[in-house]
$ cat start18.cif   # mmCIF, C-alpha atoms
data_protein
loop_
_atom_site.group_PDB
_atom_site.id
_atom_site.type_symbol
_atom_site.label_atom_id
_atom_site.label_comp_id
_atom_site.auth_asym_id
_atom_site.auth_seq_id
_atom_site.Cartn_x
_atom_site.Cartn_y
_atom_site.Cartn_z
ATOM 1 C CA MET A 36 -3.442 13.147 -12.185
ATOM 2 C CA ASN A 37 -4.458 13.879 -15.747
ATOM 3 C CA PRO A 38 -6.073 10.653 -17.081
ATOM 4 C CA GLY A 39 -4.749 11.196 -20.598
ATOM 5 C CA LEU A 40 -1.176 11.700 -19.409
ATOM 6 C CA LEU A 41 -1.407 8.663 -17.157
ATOM 7 C CA LEU A 42 -2.688 6.469 -19.980
ATOM 8 C CA ALA A 43 0.033 7.741 -22.318
ATOM 9 C CA SER A 44 2.670 6.918 -19.678
ATOM 10 C CA LEU A 45 1.255 3.418 -19.182
ATOM 11 C CA GLU A 46 1.174 2.784 -22.940
ATOM 12 C CA TYR A 47 4.771 3.958 -23.193
ATOM 13 C CA ALA A 48 5.856 1.688 -20.331
ATOM 14 C CA ASP A 49 3.890 -1.202 -21.851
ATOM 15 C CA ALA A 50 5.883 -0.822 -25.074
ATOM 16 C CA LEU A 51 9.074 -1.079 -23.042
ATOM 17 C CA ARG A 52 7.694 -4.051 -21.118
ATOM 18 C CA LYS A 53 7.361 -6.052 -24.322
ATOM 19 C CA ALA A 54 11.162 -6.297 -24.241
ATOM 20 C CA ASP A 55 11.311 -7.112 -20.519
ATOM 21 C CA ASP A 56 8.494 -9.168 -18.995
ATOM 22 C CA GLN A 57 9.760 -8.427 -15.482
ATOM 23 C CA ILE A 58 8.300 -4.932 -15.652
ATOM 24 C CA ILE A 59 4.987 -4.703 -13.767
ATOM 25 C CA LEU A 60 2.548 -1.862 -14.381
ATOM 26 C CA ALA A 61 0.635 -0.968 -11.220
ATOM 27 C CA LEU A 62 -1.839 1.796 -10.491
ATOM 28 C CA VAL A 63 -3.165 3.009 -7.137
ATOM 29 C CA SER A 64 -6.321 5.040 -7.717
ATOM 30 C CA ASN A 65 -9.389 6.388 -5.951
ATOM 31 C CA ALA A 66 -11.243 5.164 -9.082
ATOM 32 C CA THR A 67 -13.424 8.278 -9.328
ATOM 33 C CA LEU A 68 -12.357 8.939 -12.940
ATOM 34 C CA ILE A 69 -12.343 5.303 -14.118
ATOM 35 C CA THR A 70 -14.885 5.056 -16.921
ATOM 36 C CA GLN A 71 -15.761 1.819 -18.697
ATOM 37 C CA GLU A 72 -13.602 2.826 -21.671
ATOM 38 C CA TYR A 73 -10.670 3.713 -19.436
ATOM 39 C CA ALA A 74 -11.009 0.440 -17.538
ATOM 40 C CA ARG A 75 -10.924 -1.521 -20.803
ATOM 41 C CA LYS A 76 -7.710 0.273 -21.794
ATOM 42 C CA LEU A 77 -6.122 -0.526 -18.430
ATOM 43 C CA SER A 78 -7.147 -4.152 -18.858
ATOM 44 C CA SER A 79 -5.619 -4.326 -22.344
ATOM 45 C CA LEU A 80 -2.326 -3.093 -20.858
ATOM 46 C CA GLY A 81 -2.411 -5.673 -18.061
ATOM 47 C CA VAL A 82 -2.254 -2.983 -15.363
ATOM 48 C CA HIS A 83 -2.548 -4.117 -11.730
ATOM 49 C CA VAL A 84 -4.990 -1.824 -9.896
ATOM 50 C CA THR A 85 -5.347 -1.055 -6.187
ATOM 51 C CA VAL A 86 -8.330 1.098 -5.253
ATOM 52 C CA SER A 87 -8.281 3.425 -2.259
ATOM 53 C CA ILE A 88 -11.621 3.195 -0.451
ATOM 54 C CA ASP A 89 -11.850 3.941 3.242
ATOM 55 C CA GLY A 90 -14.735 1.664 4.195
ATOM 56 C CA PRO A 91 -18.516 1.543 3.859
ATOM 57 C CA GLU A 92 -20.237 4.700 2.665
ATOM 58 C CA GLN A 93 -20.722 6.451 5.999
ATOM 59 C CA VAL A 94 -17.043 5.899 6.930
ATOM 60 C CA HIS A 95 -15.527 6.602 3.523
ATOM 61 C CA ASN A 96 -17.384 9.872 3.077
ATOM 62 C CA ARG A 97 -15.987 11.339 6.295
ATOM 63 C CA HIS A 98 -12.744 12.125 4.477
ATOM 64 C CA ARG A 99 -12.948 11.172 0.811
ATOM 65 C CA VAL A 100 -14.755 14.046 -0.863
ATOM 66 C CA THR A 101 -14.568 15.569 -4.322
ATOM 67 C CA ALA A 102 -12.873 18.882 -5.121
ATOM 68 C CA ASP A 103 -16.169 20.693 -4.540
ATOM 69 C CA GLY A 104 -16.761 18.962 -1.193
ATOM 70 C CA ARG A 105 -19.250 16.290 -2.238
ATOM 71 C CA PRO A 106 -19.098 12.694 -0.923
ATOM 72 C CA SER A 107 -17.213 10.405 -3.317
ATOM 73 C CA PHE A 108 -18.381 6.916 -2.338
ATOM 74 C CA THR A 109 -20.822 6.595 -5.247
ATOM 75 C CA GLN A 110 -18.169 7.618 -7.784
ATOM 76 C CA VAL A 111 -15.595 5.234 -6.297
ATOM 77 C CA SER A 112 -18.084 2.355 -6.345
ATOM 78 C CA ARG A 113 -18.876 3.091 -9.993
ATOM 79 C CA GLY A 114 -15.178 3.055 -10.838
ATOM 80 C CA ILE A 115 -14.702 -0.257 -9.043
ATOM 81 C CA GLU A 116 -17.593 -1.761 -10.991
ATOM 82 C CA ASN A 117 -16.119 -0.537 -14.282
ATOM 83 C CA LEU A 118 -12.742 -2.085 -13.416
ATOM 84 C CA ARG A 119 -14.408 -5.343 -12.414
ATOM 85 C CA LYS A 120 -16.423 -5.513 -15.642
ATOM 86 C CA ALA A 121 -13.168 -5.052 -17.559
ATOM 87 C CA GLY A 122 -11.832 -8.183 -15.872
ATOM 88 C CA ILE A 123 -9.144 -6.461 -13.803
ATOM 89 C CA PRO A 124 -8.319 -8.288 -10.540
ATOM 90 C CA LEU A 125 -8.522 -5.677 -7.788
ATOM 91 C CA SER A 126 -6.913 -5.059 -4.451
ATOM 92 C CA PHE A 127 -8.006 -2.455 -1.914
ATOM 93 C CA ARG A 128 -6.494 -0.161 0.654
ATOM 94 C CA ALA A 129 -7.984 2.113 3.299
ATOM 95 C CA VAL A 130 -6.433 5.060 5.077
ATOM 96 C CA VAL A 131 -7.320 5.001 8.767
ATOM 97 C CA THR A 132 -7.529 8.286 10.661
ATOM 98 C CA PRO A 133 -8.051 9.033 14.360
ATOM 99 C CA GLU A 134 -11.702 9.684 13.521
ATOM 100 C CA THR A 135 -12.214 6.327 11.782
ATOM 101 C CA SER A 136 -9.931 3.963 13.709
ATOM 102 C CA ASP A 137 -12.819 2.799 15.891
ATOM 103 C CA ASN A 138 -14.514 1.670 12.664
ATOM 104 C CA MET A 139 -11.489 -0.390 11.569
ATOM 105 C CA SER A 140 -13.236 -3.760 11.907
ATOM 106 C CA GLN A 141 -16.198 -2.459 9.924
ATOM 107 C CA THR A 142 -13.872 -1.084 7.249
ATOM 108 C CA TYR A 143 -11.899 -4.332 7.053
ATOM 109 C CA ASP A 144 -15.050 -6.461 6.792
ATOM 110 C CA PHE A 145 -16.384 -4.205 4.043
ATOM 111 C CA LEU A 146 -13.194 -4.349 1.983
ATOM 112 C CA ARG A 147 -13.198 -8.139 2.292
ATOM 113 C CA THR A 148 -16.689 -8.235 0.744
ATOM 114 C CA LEU A 149 -15.185 -6.585 -2.362
ATOM 115 C CA ASP A 150 -13.292 -9.846 -3.038
ATOM 116 C CA PRO A 151 -9.715 -8.531 -3.206
ATOM 117 C CA VAL A 152 -7.039 -10.625 -4.907
ATOM 118 C CA ARG A 153 -4.506 -9.677 -2.216
ATOM 119 C CA PRO A 154 -4.848 -9.068 1.528
ATOM 120 C CA VAL A 155 -6.612 -5.846 2.460
ATOM 121 C CA LYS A 156 -4.292 -2.944 3.283
ATOM 122 C CA LEU A 157 -5.132 -0.760 6.275
ATOM 123 C CA ARG A 158 -2.782 2.198 6.609
ATOM 124 C CA PRO A 159 -2.598 4.906 9.281
ATOM 125 C CA VAL A 160 -2.788 8.435 7.931
ATOM 126 C CA ARG A 161 0.636 9.950 7.364
ATOM 127 C CA GLY A 162 1.624 13.585 7.756
ATOM 128 C CA SER A 163 3.692 15.515 5.247
ATOM 129 C CA ASP A 164 6.046 16.934 7.870
ATOM 130 C CA ASN A 165 8.190 15.304 10.530
ATOM 131 C CA PRO A 166 7.240 13.402 12.499
ATOM 132 C CA ARG A 167 5.345 11.723 9.690
ATOM 133 C CA TYR A 168 3.295 9.841 12.270
ATOM 134 C CA ASN A 169 2.236 11.495 15.504
ATOM 135 C CA PRO A 170 3.393 9.184 18.354
ATOM 136 C CA ALA A 171 0.021 9.427 20.106
ATOM 137 C CA TRP A 172 -1.709 8.462 16.855
ATOM 138 C CA VAL A 173 0.618 5.466 16.425
ATOM 139 C CA ARG A 174 -0.424 4.236 19.884
ATOM 140 C CA ARG A 175 -4.092 4.712 19.033
ATOM 141 C CA PHE A 176 -3.766 2.934 15.693
ATOM 142 C CA SER A 177 -1.751 0.099 17.275
ATOM 143 C CA SER A 178 -4.380 -0.513 19.916
ATOM 144 C CA ASP A 179 -7.319 -0.473 17.512
ATOM 145 C CA PHE A 180 -5.541 -2.519 14.834
ATOM 146 C CA THR A 181 -4.371 -5.270 17.187
ATOM 147 C CA GLN A 182 -7.845 -5.445 18.752
ATOM 148 C CA MET A 183 -9.314 -5.893 15.285
ATOM 149 C CA VAL A 184 -6.767 -8.628 14.481
ATOM 150 C CA ASP A 185 -7.621 -10.396 17.757
ATOM 151 C CA ASP A 186 -11.301 -10.313 16.795
ATOM 152 C CA VAL A 187 -10.531 -11.663 13.314
ATOM 153 C CA PHE A 188 -8.448 -14.500 14.785
ATOM 154 C CA ARG A 189 -11.424 -15.629 16.833
ATOM 155 C CA SER A 190 -13.612 -15.991 13.766
ATOM 156 C CA ILE A 191 -11.332 -17.420 11.061
ATOM 157 C CA ALA A 192 -9.753 -20.746 10.294
ATOM 158 C CA ASP A 193 -7.078 -19.530 7.886
ATOM 159 C CA ILE A 194 -4.537 -16.732 8.306
ATOM 160 C CA SER A 195 -5.050 -15.696 4.671
ATOM 161 C CA ASP A 196 -8.113 -13.810 5.933
ATOM 162 C CA LEU A 197 -5.926 -11.420 7.918
ATOM 163 C CA PRO A 198 -5.125 -7.888 6.669
ATOM 164 C CA ASP A 199 -1.757 -7.520 5.014
ATOM 165 C CA ASP A 200 0.481 -6.351 7.883
ATOM 166 C CA ALA A 201 -0.954 -8.974 10.237
ATOM 167 C CA GLN A 202 -0.656 -11.685 7.595
ATOM 168 C CA TYR A 203 3.082 -11.038 7.154
ATOM 169 C CA PHE A 204 3.626 -11.642 10.869
ATOM 170 C CA ALA A 205 1.405 -14.729 10.950
ATOM 171 C CA ARG A 206 3.162 -16.207 7.897
ATOM 172 C CA TYR A 207 6.524 -15.585 9.482
ATOM 173 C CA LEU A 208 5.519 -17.248 12.760
ATOM 174 C CA SER A 209 3.785 -20.236 11.160
ATOM 175 C CA GLU A 210 5.830 -20.819 7.993
ATOM 176 C CA GLY A 211 9.072 -18.922 8.508
ATOM 177 C CA ARG A 212 8.238 -16.854 5.428
ATOM 178 C CA GLN A 213 10.110 -13.555 5.378
ATOM 179 C CA ARG A 214 8.800 -10.317 3.968
ATOM 180 C CA GLY A 215 10.933 -8.724 1.297
ATOM 181 C CA ALA A 216 11.620 -5.027 0.913
ATOM 182 C CA TYR A 217 8.653 -3.112 2.284
ATOM 183 C CA CYS A 218 7.459 -1.720 -1.051
ATOM 184 C CA SER A 219 10.481 -2.372 -3.314
ATOM 185 C CA SER A 220 11.326 1.351 -3.271
ATOM 186 C CA GLY A 221 14.866 1.706 -4.557
ATOM 187 C CA GLU A 222 14.937 -1.972 -5.551
ATOM 188 C CA GLY A 223 12.170 -2.813 -7.984
ATOM 189 C CA MET A 224 9.661 0.026 -8.157
ATOM 190 C CA LEU A 225 9.520 3.261 -10.142
ATOM 191 C CA TRP A 226 6.888 5.997 -9.977
ATOM 192 C CA ILE A 227 5.975 8.234 -12.905
ATOM 193 C CA MET A 228 5.028 11.686 -11.637
ATOM 194 C CA PRO A 229 2.431 13.960 -13.323
ATOM 195 C CA ASP A 230 5.170 15.867 -15.167
ATOM 196 C CA GLY A 231 6.709 12.654 -16.513
ATOM 197 C CA SER A 232 9.627 12.569 -14.091
ATOM 198 C CA ILE A 233 10.495 9.209 -12.543
ATOM 199 C CA THR A 234 11.322 8.485 -8.911
ATOM 200 C CA PRO A 235 11.797 5.250 -6.922
ATOM 201 C CA CYS A 236 9.329 6.477 -4.265
ATOM 202 C CA GLY A 237 6.014 8.290 -4.389
ATOM 203 C CA ILE A 238 6.769 10.081 -1.115
ATOM 204 C CA LEU A 239 10.430 10.909 -1.671
ATOM 205 C CA THR A 240 10.224 13.117 -4.737
ATOM 206 C CA ASP A 241 12.159 16.351 -4.157
ATOM 207 C CA GLY A 242 15.802 15.503 -4.756
ATOM 208 C CA PHE A 243 15.043 11.875 -5.617
ATOM 209 C CA ILE A 244 14.155 12.187 -9.307
ATOM 210 C CA CYS A 245 16.194 9.629 -11.254
ATOM 211 C CA GLY A 246 14.955 10.222 -14.809
ATOM 212 C CA HIS A 247 12.183 11.374 -17.131
ATOM 213 C CA ILE A 248 9.889 9.261 -19.280
ATOM 214 C CA ASP A 249 10.776 11.282 -22.425
ATOM 215 C CA ASP A 250 14.433 10.293 -22.049
ATOM 216 C CA ILE A 251 13.739 6.548 -21.824
ATOM 217 C CA HIS A 252 13.879 4.622 -25.098
ATOM 218 C CA SER A 253 14.240 0.991 -24.011
ATOM 219 C CA SER A 254 13.310 -1.362 -21.193
ATOM 220 C CA GLU A 255 16.974 -1.615 -20.286
ATOM 221 C CA GLU A 256 17.135 2.152 -19.744
ATOM 222 C CA LEU A 257 13.994 2.044 -17.607
ATOM 223 C CA VAL A 258 15.299 -0.789 -15.424
ATOM 224 C CA GLY A 259 18.654 0.978 -15.327
ATOM 225 C CA LEU A 260 17.085 3.780 -13.295
ATOM 226 C CA LEU A 261 17.123 1.370 -10.348
ATOM 227 C CA SER A 262 20.901 1.833 -10.360
ATOM 228 C CA SER A 263 20.609 5.612 -10.204
ATOM 229 C CA GLN A 264 22.003 7.647 -7.345
ATOM 230 C CA ALA A 265 18.490 8.290 -6.004
ATOM 231 C CA SER A 266 17.627 4.580 -5.981
ATOM 232 C CA LYS A 267 20.946 3.637 -4.423
ATOM 233 C CA TYR A 268 20.533 6.210 -1.658
ATOM 234 C CA ILE A 269 17.120 4.782 -0.700
ATOM 235 C CA ARG A 270 18.507 1.236 -0.716
ATOM 236 C CA ASP A 271 21.535 2.176 1.362
ATOM 237 C CA HIS A 272 19.417 3.998 3.939
ATOM 238 C CA SER A 273 16.466 1.629 4.108
ATOM 239 C CA PRO A 274 15.352 0.531 7.590
ATOM 240 C CA ALA A 275 16.707 -2.983 7.141
ATOM 241 C CA MET A 276 20.205 -1.541 6.776
ATOM 242 C CA ARG A 277 20.068 0.543 9.947
ATOM 243 C CA GLU A 278 19.627 0.333 13.677
ATOM 244 C CA PRO A 279 17.371 -0.415 15.407
ATOM 245 C CA CYS A 280 15.813 -2.621 12.723
ATOM 246 C CA SER A 281 18.869 -4.775 12.027
ATOM 247 C CA ASP A 282 18.733 -6.340 15.509
ATOM 248 C CA CYS A 283 14.936 -6.552 15.806
ATOM 249 C CA GLN A 284 13.326 -9.995 16.013
ATOM 250 C CA TRP A 285 10.462 -8.810 13.795
ATOM 251 C CA LEU A 286 12.559 -7.487 10.902
ATOM 252 C CA PRO A 287 11.863 -10.617 8.788
ATOM 253 C CA ALA A 288 8.123 -10.053 9.281
ATOM 254 C CA CYS A 289 7.826 -6.307 8.666
ATOM 255 C CA GLY A 290 10.653 -5.843 6.155
ATOM 256 C CA GLY A 291 11.870 -2.785 8.017
ATOM 257 C CA GLY A 292 8.867 -0.624 7.251
ATOM 258 C CA CYS A 293 8.605 2.342 4.917
ATOM 259 C CA PRO A 294 11.997 3.609 3.663
ATOM 260 C CA ALA A 295 10.642 7.127 3.169
ATOM 261 C CA VAL A 296 9.514 7.349 6.770
ATOM 262 C CA ALA A 297 12.795 5.858 7.982
ATOM 263 C CA LEU A 298 14.775 8.537 6.168
ATOM 264 C CA SER A 299 13.006 11.121 8.311
ATOM 265 C CA GLY A 300 14.425 9.557 11.483
ATOM 266 C CA LYS A 301 13.707 6.453 13.581
ATOM 267 C CA PRO A 302 11.000 4.395 11.836
ATOM 268 C CA PRO A 303 8.026 5.628 13.890
ATOM 269 C CA LEU A 304 5.873 2.542 13.383
ATOM 270 C CA CYS A 305 8.307 0.291 15.238
ATOM 271 C CA ASP A 306 6.111 0.322 18.345
ATOM 272 C CA PHE A 307 3.153 -0.704 16.216
ATOM 273 C CA TYR A 308 4.998 -3.661 14.695
ATOM 274 C CA LEU A 309 6.339 -4.754 18.093
ATOM 275 C CA THR A 310 2.820 -4.678 19.532
ATOM 276 C CA LEU A 311 1.334 -6.455 16.522
ATOM 277 C CA GLY A 312 3.977 -9.193 16.510
ATOM 278 C CA GLU A 313 3.494 -10.055 20.163
ATOM 279 C CA SER A 314 -0.287 -9.977 19.812
ATOM 280 C CA ILE A 315 -0.241 -12.372 16.866
ATOM 281 C CA ARG A 316 2.238 -14.655 18.632
ATOM 282 C CA GLN A 317 -0.181 -14.849 21.573
ATOM 283 C CA GLN A 318 -3.234 -15.413 19.405
ATOM 284 C CA MET A 319 -1.542 -18.168 17.387
ATOM 285 C CA GLY A 320 -0.429 -19.843 20.597
ATOM 286 C CA GLU A 321 -3.999 -19.807 21.884
ATOM 287 C CA LYS A 322 -5.331 -21.253 18.627
ATOM 288 C CA ARG A 323 -2.781 -24.062 18.762
ATOM 289 C CA GLY A 324 -3.621 -24.674 22.405
#
$ encode --input "start18.cif" --output "structure tokens"
Amino acid sequence: MNPGLLLASLEYADALRKADDQIILALVSNATLITQEYARKLSSLGVHVTVSIDGPEQVHNRHRVTADGRPSFTQVSRGIENLRKAGIPLSFRAVVTPETSDNMSQTYDFLRTLDPVRPVKLRPVRGSDNPRYNPAWVRRFSSDFTQMVDDVFRSIADISDLPDDAQYFARYLSEGRQRGAYCSSGEGMLWIMPDGSITPCGILTDGFICGHIDDIHSSEELVGLLSSQASKYIRDHSPAMREPCSDCQWLPACGGGCPAVALSGKPPLCDFYLTLGESIRQQMGEKRG
């Protein structure tokens, strides 16, 4: 995305936010273009930043390369340092592929050393066509992820050290805390696309545009886009509203999963969440015992 356009969009949204403090400005970035000056501007706008980094250098550089094919770890690390110097609390996410899933524990441990303000996110790679997740890859990711969680359970005293998906299940089992909408798509989140168009979901774009930044003149108009036909369609067809999620014992823990993936058919990560829930139930029982 063009850095100048992004900054202009954030400044525009910040002006609207001054009339509605419920608006949150969030940015997910690979941080390669975050200079010190840019980081200071993001800090002045109160932007929440999540950095995509796929693990320590040798893991990250397997897939995260620049446009001309060079490894990007050094650039990402520089961007993270610039954000940190600007005083921006950071969170981190890693995309896990079939080639890097056996390094998941190493990746998780590395992201924890970066002192995130929220639980580390580990996400399986998603395809652009249906099925968005290859079933064989879901099984591989499920096995490696739950093994990593089992290993973490053996070495921690507090469930806050768990990665985000696992922590939702552990909180639900130990405290009865339910997870809300998976990502607030259609309910409380709007994405500004490179051309200034606005959508409730960064994946569902074609046919789901609900407005354009140039047509928004107040915070009320911006929030009003959550009542648009595109937003309503995502809400009405979210996993929590459909079978098989509505009767699943783990719905309160997973929040129904990704609405965009669900709209492509049966939520394909159900088997992962079922496996993860049972694994955490067993591990928590052993710790209590």
$ residues_around --input "start18.cif" --residues "segment 182-199 of chain A" --least-positions-apart "5" --cutoff "6 Å" --atoms "all atoms listed in the file" --output "list of chain:residue names"
A:Ser140, A:Pro154, A:Val155, A:Lys156
$ residues_around --input "start18.cif" --residues "segment 258-260 of chain A" --least-positions-apart "4" --cutoff "12 Å" --atoms "all atoms listed in the file" --output "PyMOL selection string"
chain A and resi 48+51-52+54-59+220-227+232-235+243-248+250-254+264-267
$ closest_residue --input "start18.cif" --among "A:Gln317, A:Asn65, A:Ser262, A:Thr310" --to "Arg113 of chain A" --atoms "all atoms listed in the file"
A:Asn65
$ resolve_selection --input "start18.cif" --expression "the PyMOL selection byres ((chain A and resi 120) around 12)" --output "count of residues only"
21
$ resolve_selection --input "start18.cif" --expression "the PyMOL selection byres ((chain A and resi 294-296) around 7)" --output "PyMOL selection string"
chain A and resi 167+238-239+269+273-274+292-293+297-299+302
$ resolve_selection --input "start18.cif" --expression "the PyMOL selection byres ((chain A and resi 106) around 12)" --output "CSV table (one decimal) with C-alpha atoms, in the coordinates of the input"
chain,number,residue,atom,x,y,z
A,67,THR,CA,-13.4,8.3,-9.3
A,92,GLU,CA,-20.2,4.7,2.7
A,93,GLN,CA,-20.7,6.5,6.0
A,94,VAL,CA,-17.0,5.9,6.9
A,95,HIS,CA,-15.5,6.6,3.5
A,96,ASN,CA,-17.4,9.9,3.1
A,97,ARG,CA,-16.0,11.3,6.3
A,98,HIS,CA,-12.7,12.1,4.5
A,99,ARG,CA,-12.9,11.2,0.8
A,100,VAL,CA,-14.8,14.0,-0.9
A,101,THR,CA,-14.6,15.6,-4.3
A,102,ALA,CA,-12.9,18.9,-5.1
A,103,ASP,CA,-16.2,20.7,-4.5
A,104,GLY,CA,-16.8,19.0,-1.2
A,105,ARG,CA,-19.2,16.3,-2.2
A,107,SER,CA,-17.2,10.4,-3.3
A,108,PHE,CA,-18.4,6.9,-2.3
A,109,THR,CA,-20.8,6.6,-5.2
A,110,GLN,CA,-18.2,7.6,-7.8
A,111,VAL,CA,-15.6,5.2,-6.3
A,112,SER,CA,-18.1,2.4,-6.3
$ atom_distance --input "start18.cif" --atom1 "atom CA of Leu311 of chain A" --atom2 "atom CA of Thr181 of chain A"
5.9 Å
$ atom_distance --input "start18.cif" --atom1 "atom CA of Ser263 of chain A" --atom2 "atom CA of Gly237 of chain A"
15.9 Å
$ closest_residue --input "start18.cif" --among "A:Pro303, A:Ser209, A:Ala216, A:Ala288" --to "Gln318 of chain A" --atoms "all atoms listed in the file"
A:Ser209
$ closest_residue --input "start18.cif" --among "A:Ser87, A:Ser126, A:Ser79, A:Ser314" --to "Leu149 of chain A" --atoms "only C-alpha atoms"
A:Ser126
$ residues_around --input "start18.cif" --residues "Arg175 of chain A" --least-positions-apart "3" --cutoff "8 Å" --atoms "only C-alpha atoms" --output "ChimeraX atom specification"
/A:133,136,171-172,178-179
$ closest_residue --input "start18.cif" --among "A:Leu60, A:Ala50, A:Leu261, A:Cys305" --to "Tyr168 of chain A" --atoms "all atoms listed in the file"
A:Cys305
$ atom_distance --input "start18.cif" --atom1 "atom CA of Ser44 of chain A" --atom2 "atom CA of Leu257 of chain A"
12.5 Å
$ closest_residue --input "start18.cif" --among "A:Thr240, A:Thr142, A:Ser281, A:Ser64" --to "Asp89 of chain A" --atoms "only C-alpha atoms"
A:Thr142
$ axis_aligned_box --input "start18.cif" --around "segment 171-177 of chain A" --padding-each-side "5 Å" --output "AutoDock Vina command-line options"
--center_x -1.7 --center_y 4.8 --center_z 17.9 --size_x 14.7 --size_y 19.3 --size_z 14.4
$ residues_around --input "start18.cif" --residues "Leu309 of chain A" --least-positions-apart "3" --cutoff "12 Å" --atoms "all atoms listed in the file" --output "compact mmCIF listing (two decimals) with C-alpha atoms, in the frame of the given file"
# COMPACT_ATOMS: atom_id res chain seq x y z
CA VAL A 173 0.62 5.47 16.42
CA ARG A 174 -0.42 4.24 19.88
CA SER A 177 -1.75 0.10 17.27
CA SER A 178 -4.38 -0.51 19.92
CA THR A 181 -4.37 -5.27 17.19
CA ASP A 200 0.48 -6.35 7.88
CA ALA A 201 -0.95 -8.97 10.24
CA PHE A 204 3.63 -11.64 10.87
CA CYS A 280 15.81 -2.62 12.72
CA CYS A 283 14.94 -6.55 15.81
CA GLN A 284 13.33 -9.99 16.01
CA TRP A 285 10.46 -8.81 13.80
CA LEU A 286 12.56 -7.49 10.90
CA ALA A 288 8.12 -10.05 9.28
CA CYS A 289 7.83 -6.31 8.67
CA GLY A 291 11.87 -2.78 8.02
CA GLY A 292 8.87 -0.62 7.25
CA PRO A 303 8.03 5.63 13.89
CA LEU A 304 5.87 2.54 13.38
CA CYS A 305 8.31 0.29 15.24
CA ASP A 306 6.11 0.32 18.34
CA GLY A 312 3.98 -9.19 16.51
CA GLU A 313 3.49 -10.06 20.16
CA SER A 314 -0.29 -9.98 19.81
CA ILE A 315 -0.24 -12.37 16.87
CA ARG A 316 2.24 -14.66 18.63
$ residues_around --input "start18.cif" --residues "Thr132 of chain A" --least-positions-apart "6" --cutoff "9 Å" --atoms "only C-alpha atoms" --output "VMD selection string"
chain A and resid 98 158 to 161 172 176
